[in-house]
>>> print(open('upload-v3.tsv').read())   # TSV, C-alpha atoms
chain	number	residue	atom	x	y	z
A	1	MET	CA	143.38	78.37	116.96
A	2	SER	CA	140.21	76.86	115.56
A	3	ARG	CA	139.81	76.56	111.83
A	4	LEU	CA	138.66	79.79	110.19
A	5	LYS	CA	138.62	81.70	113.47
A	6	VAL	CA	140.86	84.48	114.81
A	7	ASP	CA	140.50	86.25	118.16
A	8	ILE	CA	141.86	89.81	118.30
A	9	LYS	CA	141.36	91.38	121.72
A	10	ASN	CA	138.19	89.31	122.24
A	11	CYS	CA	136.83	90.29	118.84
A	12	ILE	CA	136.18	86.95	117.14
A	13	PHE	CA	136.45	86.92	113.36
A	14	SER	CA	134.43	84.19	111.63
A	15	ASP	CA	132.14	83.19	114.48
A	16	GLY	CA	129.06	83.36	112.26
A	17	ASP	CA	128.52	87.04	112.97
A	18	PRO	CA	130.46	89.29	110.55
A	19	LYS	CA	132.39	92.13	112.13
A	20	ILE	CA	131.81	95.67	110.92
A	21	CYS	CA	134.58	98.01	109.78
A	22	VAL	CA	134.35	101.68	108.80
A	23	PRO	CA	137.17	103.40	106.87
A	24	LEU	CA	138.48	106.68	108.30
A	25	VAL	CA	139.65	109.09	105.60
A	26	GLY	CA	141.06	112.61	105.50
A	27	ARG	CA	143.90	114.62	104.02
A	28	ASN	CA	144.93	116.24	107.29
A	29	GLU	CA	144.27	116.03	111.01
A	30	ASP	CA	141.32	118.42	110.91
A	31	GLU	CA	139.57	116.33	108.27
A	32	LEU	CA	140.46	113.06	109.98
A	33	PHE	CA	139.23	114.04	113.42
A	34	SER	CA	136.09	115.61	112.00
A	35	HIS	CA	135.39	112.30	110.26
A	36	ALA	CA	136.32	110.38	113.41
A	37	GLU	CA	133.82	112.36	115.44
A	38	ALA	CA	131.10	111.70	112.86
A	39	ILE	CA	131.89	107.97	112.86
A	40	LEU	CA	131.85	107.75	116.65
A	41	THR	CA	128.59	109.69	116.96
A	42	GLU	CA	126.87	107.50	114.37
A	43	ALA	CA	128.26	104.29	115.87
A	44	GLU	CA	127.05	105.16	119.36
A	45	ARG	CA	123.61	106.07	118.03
A	46	LEU	CA	123.26	102.81	116.14
A	47	GLU	CA	124.68	100.68	118.95
A	48	ALA	CA	121.99	102.09	121.24
A	49	ALA	CA	119.33	101.33	118.64
A	50	TYR	CA	120.61	97.80	117.89
A	51	PRO	CA	121.68	96.20	121.19
A	52	GLY	CA	124.33	93.55	120.69
A	53	ARG	CA	125.54	95.04	117.41
A	54	LYS	CA	128.85	96.97	117.36
A	55	LEU	CA	131.18	98.88	115.09
A	56	ASP	CA	134.20	96.65	115.66
A	57	VAL	CA	137.02	98.02	113.50
A	58	ILE	CA	138.22	101.45	112.39
A	59	GLU	CA	140.31	101.30	109.21
A	60	PHE	CA	142.73	104.20	109.00
A	61	ARG	CA	143.24	104.68	105.26
A	62	ALA	CA	146.74	106.10	105.34
A	63	ASP	CA	146.88	106.56	101.57
A	64	TYR	CA	144.55	109.57	101.99
A	65	TYR	CA	146.74	111.25	104.63
A	66	ASP	CA	149.12	113.92	103.32
A	67	ASP	CA	151.69	113.49	106.12
A	68	VAL	CA	151.85	109.69	106.10
A	69	ALA	CA	155.58	109.85	105.31
A	70	ASP	CA	156.29	111.93	108.45
A	71	ARG	CA	157.04	109.46	111.25
A	72	GLU	CA	156.34	111.79	114.16
A	73	LYS	CA	153.09	113.11	112.74
A	74	LEU	CA	151.89	109.61	111.88
A	75	ALA	CA	152.67	108.26	115.35
A	76	SER	CA	151.01	111.22	117.05
A	77	LEU	CA	147.93	110.90	114.87
A	78	MET	CA	147.47	107.19	115.47
A	79	THR	CA	148.01	107.56	119.21
A	80	ARG	CA	145.22	110.13	119.25
A	81	LEU	CA	143.01	107.82	117.21
A	82	ARG	CA	143.48	105.13	119.86
A	83	ASN	CA	142.07	107.55	122.40
A	84	VAL	CA	139.13	108.50	120.19
A	85	PHE	CA	138.13	104.87	119.57
A	86	PRO	CA	138.81	102.93	122.78
A	87	GLY	CA	137.49	99.39	122.72
A	88	ARG	CA	137.56	99.22	118.91
A	89	LEU	CA	140.26	97.62	116.78
A	90	LEU	CA	142.45	99.87	114.65
A	91	LEU	CA	143.38	98.62	111.17
A	92	PHE	CA	146.21	100.35	109.30
A	93	THR	CA	145.82	100.31	105.52
A	94	TYR	CA	147.96	101.95	102.87
A	95	ARG	CA	146.12	101.04	99.69
A	96	SER	CA	148.20	101.18	96.52
A	97	GLU	CA	147.02	103.14	93.51
A	98	GLU	CA	146.81	99.89	91.53
A	99	GLU	CA	144.32	98.46	94.04
A	100	GLY	CA	142.16	101.54	94.48
A	101	GLY	CA	144.28	103.76	96.71
A	102	GLU	CA	143.46	107.45	96.85
A	103	LEU	CA	146.65	109.32	97.53
A	104	ARG	CA	149.06	109.97	94.67
A	105	HIS	CA	152.08	110.23	96.93
A	106	ASP	CA	155.29	108.98	95.28
A	107	ARG	CA	157.39	109.57	98.37
A	108	ALA	CA	155.10	107.49	100.54
A	109	GLU	CA	154.90	104.71	97.93
A	110	ASN	CA	158.70	104.51	97.94
A	111	MET	CA	158.79	104.58	101.76
A	112	LEU	CA	156.07	102.03	102.40
A	113	ASP	CA	158.41	99.50	104.02
A	114	GLU	CA	159.58	102.18	106.44
A	115	ILE	CA	156.01	103.28	107.14
A	116	TRP	CA	155.00	99.69	107.92
A	117	GLU	CA	158.04	99.45	110.18
A	118	TRP	CA	156.98	102.57	112.09
A	119	VAL	CA	153.49	101.20	112.60
A	120	ILE	CA	154.79	97.81	113.71
A	121	THR	CA	157.58	98.95	116.05
A	122	GLY	CA	155.31	101.58	117.59
A	123	LYS	CA	152.45	99.09	117.88
A	124	LEU	CA	150.28	101.84	116.46
A	125	ALA	CA	147.53	99.50	115.21
A	126	ASP	CA	146.01	96.13	116.03
A	127	ILE	CA	145.87	94.91	112.43
A	128	LEU	CA	147.99	95.65	109.38
A	129	ASP	CA	146.67	95.32	105.83
A	130	ILE	CA	149.26	93.98	103.39
A	131	GLU	CA	148.50	93.62	99.70
A	132	LEU	CA	149.37	90.19	98.33
A	133	LYS	CA	150.86	91.73	95.19
A	134	SER	CA	153.49	93.60	97.21
A	135	GLY	CA	155.96	90.75	96.54
A	136	ASN	CA	156.33	87.44	98.38
A	137	TYR	CA	159.52	88.20	100.31
A	138	ARG	CA	158.34	91.67	101.28
A	139	VAL	CA	154.91	90.39	102.32
A	140	ALA	CA	156.27	87.46	104.37
A	141	ARG	CA	158.90	89.63	106.07
A	142	THR	CA	156.38	92.32	107.02
A	143	ALA	CA	153.85	89.78	108.27
A	144	ALA	CA	156.50	88.11	110.43
A	145	LYS	CA	157.51	91.45	111.94
A	146	ALA	CA	153.88	92.30	112.66
A	147	HIS	CA	153.37	88.98	114.42
A	148	GLU	CA	156.50	89.51	116.51
A	149	ALA	CA	154.99	92.81	117.68
A	150	GLY	CA	151.69	91.14	118.58
A	151	MET	CA	149.83	92.55	115.58
A	152	PHE	CA	147.59	90.66	113.17
A	153	VAL	CA	147.64	90.73	109.37
A	154	ILE	CA	144.86	91.02	106.82
A	155	MET	CA	146.33	90.03	103.48
A	156	SER	CA	144.33	91.47	100.60
A	157	ASN	CA	143.77	91.54	96.88
A	158	HIS	CA	141.50	94.01	95.06
A	159	ASN	CA	140.53	93.50	91.45
A	160	PHE	CA	138.77	96.40	89.72
A	161	GLU	CA	138.52	94.69	86.34
A	162	LYS	CA	136.79	91.38	87.03
A	163	THR	CA	135.93	88.61	89.46
A	164	PRO	CA	138.66	85.96	89.12
A	165	HIS	CA	137.75	82.33	88.56
A	166	ASP	CA	137.09	80.29	91.71
A	167	GLU	CA	140.35	78.37	91.51
A	168	GLU	CA	142.31	81.60	91.10
A	169	ILE	CA	140.72	83.00	94.27
A	170	LEU	CA	141.47	79.77	96.14
A	171	GLU	CA	145.07	79.92	94.96
A	172	MET	CA	145.38	83.49	96.25
A	173	PHE	CA	144.02	82.40	99.62
A	174	ARG	CA	146.51	79.50	99.73
A	175	GLU	CA	149.36	81.89	98.98
A	176	MET	CA	148.17	84.38	101.62
A	177	GLU	CA	148.23	81.67	104.29
A	178	ILE	CA	151.71	80.53	103.27
A	179	LEU	CA	152.97	84.13	103.52
A	180	GLY	CA	151.58	84.64	107.03
A	181	ALA	CA	148.09	86.08	106.78
A	182	ASP	CA	145.72	85.85	109.74
A	183	ILE	CA	142.68	86.95	107.71
A	184	LEU	CA	142.36	86.50	103.94
A	185	LYS	CA	140.60	89.18	101.89
A	186	VAL	CA	139.52	89.35	98.26
A	187	ALA	CA	137.46	92.18	96.77
A	188	ALA	CA	136.47	91.87	93.13
A	189	THR	CA	134.41	93.65	90.50
A	190	PRO	CA	131.48	91.73	89.00
A	191	LYS	CA	130.74	92.00	85.31
A	192	HIS	CA	127.20	90.79	85.97
A	193	LYS	CA	125.11	89.49	88.85
A	194	PHE	CA	126.25	85.93	88.20
A	195	ASP	CA	129.72	86.96	89.37
A	196	VAL	CA	128.23	88.27	92.62
A	197	GLN	CA	126.44	85.00	93.31
A	198	ARG	CA	129.48	82.96	92.29
A	199	LEU	CA	131.70	84.76	94.80
A	200	MET	CA	129.11	84.36	97.54
A	201	ASP	CA	128.69	80.66	96.76
A	202	LEU	CA	132.47	80.18	96.76
A	203	THR	CA	132.71	81.89	100.13
A	204	LYS	CA	130.05	79.60	101.57
A	205	ASP	CA	131.88	76.57	100.17
A	206	ILE	CA	135.18	77.74	101.64
A	207	THR	CA	133.80	78.38	105.10
A	208	SER	CA	132.05	75.00	105.12
A	209	GLY	CA	135.20	73.19	103.99
A	210	LYS	CA	134.17	72.40	100.44
A	211	LYS	CA	135.67	73.36	97.06
A	212	GLY	CA	139.07	71.90	97.97
A	213	ALA	CA	139.40	74.51	100.71
A	214	GLU	CA	139.24	72.21	103.72
A	215	TYR	CA	142.94	72.90	104.38
A	216	LEU	CA	142.43	76.66	104.82
A	217	MET	CA	142.90	77.64	108.46
A	218	HIS	CA	142.03	81.33	108.57
A	219	PRO	CA	138.90	83.49	108.20
A	220	VAL	CA	138.08	84.95	104.81
A	221	ILE	CA	136.59	88.29	103.79
A	222	THR	CA	135.04	88.47	100.34
A	223	ILE	CA	133.45	91.52	98.76
A	224	SER	CA	131.77	91.96	95.41
A	225	MET	CA	132.23	95.65	94.67
A	226	GLY	CA	129.87	98.11	93.04
A	227	SER	CA	126.11	98.45	93.25
A	228	ASP	CA	125.48	94.94	91.90
A	229	GLY	CA	127.62	93.48	94.67
A	230	ALA	CA	125.97	95.30	97.56
A	231	VAL	CA	124.24	92.09	98.68
A	232	SER	CA	127.65	90.53	99.37
A	233	ARG	CA	128.24	93.18	102.03
A	234	THR	CA	125.20	92.11	104.05
A	235	SER	CA	125.30	88.33	103.60
A	236	GLY	CA	128.14	87.39	105.92
A	237	LYS	CA	125.90	85.35	108.19
A	238	GLU	CA	124.95	83.16	105.24
A	239	THR	CA	128.31	82.98	103.46
A	240	GLY	CA	130.69	83.06	106.41
A	241	SER	CA	132.57	86.19	105.27
A	242	ALA	CA	134.23	87.42	108.45
A	243	MET	CA	133.93	91.20	108.06
A	244	THR	CA	132.06	93.80	106.06
A	245	PHE	CA	132.90	97.44	105.35
A	246	ALA	CA	130.45	100.30	105.79
A	247	MET	CA	130.72	104.05	105.42
A	248	VAL	CA	129.92	107.09	107.49
A	249	GLY	CA	130.08	110.13	105.21
A	250	SER	CA	132.92	109.42	102.77
A	251	GLY	CA	133.37	105.86	101.55
A	252	SER	CA	136.58	104.26	100.33
A	253	ALA	CA	135.36	101.70	97.77
A	254	PRO	CA	132.59	101.40	95.18
A	255	GLY	CA	129.35	99.98	96.50
A	256	GLN	CA	129.91	100.59	100.20
A	257	LEU	CA	126.68	100.86	102.17
A	258	SER	CA	125.99	103.21	105.05
A	259	LEU	CA	126.72	102.04	108.58
A	260	GLU	CA	123.00	102.24	109.33
A	261	ASP	CA	122.19	99.98	106.36
A	262	ILE	CA	124.72	97.43	107.56
A	263	PHE	CA	123.47	97.51	111.17
A	264	SER	CA	119.91	97.10	109.97
A	265	SER	CA	120.68	94.27	107.54
A	266	LEU	CA	122.78	92.25	109.97
A	267	SER	CA	120.22	92.62	112.74
A	268	ARG	CA	117.35	91.02	110.81
>>> encode(input="upload-v3.tsv", output="structure tokens")
Amino acid sequence: MSRLKVDIKNCIFSDGDPKICVPLVGRNEDELFSHAEAILTEAERLEAAYPGRKLDVIEFRADYYDDVADREKLASLMTRLRNVFPGRLLLFTYRSEEEGGELRHDRAENMLDEIWEWVITGKLADILDIELKSGNYRVARTAAKAHEAGMFVIMSNHNFEKTPHDEEILEMFREMEILGADILKVAATPKHKFDVQRLMDLTKDITSGKKGAEYLMHPVITISMGSDGAVSRTSGKETGSAMTFAMVGSGSAPGQLSLEDIFSSLSR
């Protein structure tokens, strides 16, 4: 593997062209497949209008789904999603309440290890999101199981209070790599526009091997959340951030831009 590059089913992360991901949200199957149809229709329209540009990843936000703790329903749902989105990567994310998750579902929170196990053993997704704060042993064990099943891991941290200092972000990335991440993700809230620029500058330094980050071996995703940070979602070509998140209809994080805005910005 080349430094800062990961190939998932011929989708190259960190090749100078940021990949595009859209979250899929819904409380039940009717809502999910209605949203899936809207995403697919919009993606196909934009891909025809912007040749060479593609919606690469569908993020199933399982924390929205009421029946996430039902193994059979979850497996059936994700198998159907595979059929709806052929040729696109499927990312499984259960976002905790602490890091911006939607669903207040105590049973699922307590069963998250089992839910991850279902997804991994059933090979229901291509990529699994694991929050760094889930605990080192738990994170490393889950990442190892995912790798054994041929899945990849995005390890993530979301801060809704501030943008951590540069060294703190670098330390998180170091820890993510040690614990088995394939792609390293930090999303942070800026208190002012300086924080937005600082995170973008840090990302550029990381991907060019500066800032004491020359030892990092995996792609990074950085996002400055909220309206002030919108520029960070369209600057991946300049900073080296490996993926950006867009929305079709309902978004899943503050400051997300529409899929059309992302296609347009990245095609300039």
>>> residues_near_point(input="upload-v3.tsv", point="(145.5, 98.4, 93.1)", cutoff="9 Å", atoms="only C-alpha atoms", output="PyMOL selection string")
chain A and resi 95-101+131+133+157-160
>>> closest_residue(input="upload-v3.tsv", among="A:Met243, A:Val6, A:Ile206, A:Leu112", to="Ala181 of chain A", atoms="only C-alpha atoms")
A:Val6
>>> atom_distance(input="upload-v3.tsv", atom1="atom CA of Ile178 of chain A", atom2="atom CA of Leu202 of chain A")
20.3 Å
>>> closest_residue(input="upload-v3.tsv", among="A:Glu59, A:Glu37, A:Asp7, A:Glu177", to="Leu24 of chain A", atoms="only C-alpha atoms")
A:Glu59
>>> atom_distance(input="upload-v3.tsv", atom1="atom CA of Leu4 of chain A", atom2="atom CA of Leu46 of chain A")
28.3 Å
>>> residues_around(input="upload-v3.tsv", residues="Phe85 of chain A", least_positions_apart="2", cutoff="12 Å", atoms="only C-alpha atoms", output="VMD selection string")
chain A and resid 22 24 33 36 to 41 43 to 44 55 to 60 78 to 83 87 to 91 125
>>> closest_residue(input="upload-v3.tsv", among="A:Glu42, A:Ile221, A:Ala140, A:Leu77", to="Ile169 of chain A", atoms="only C-alpha atoms")
A:Ile221
>>> atom_distance(input="upload-v3.tsv", atom1="atom CA of Glu114 of chain A", atom2="atom CA of Leu184 of chain A")
23.4 Å
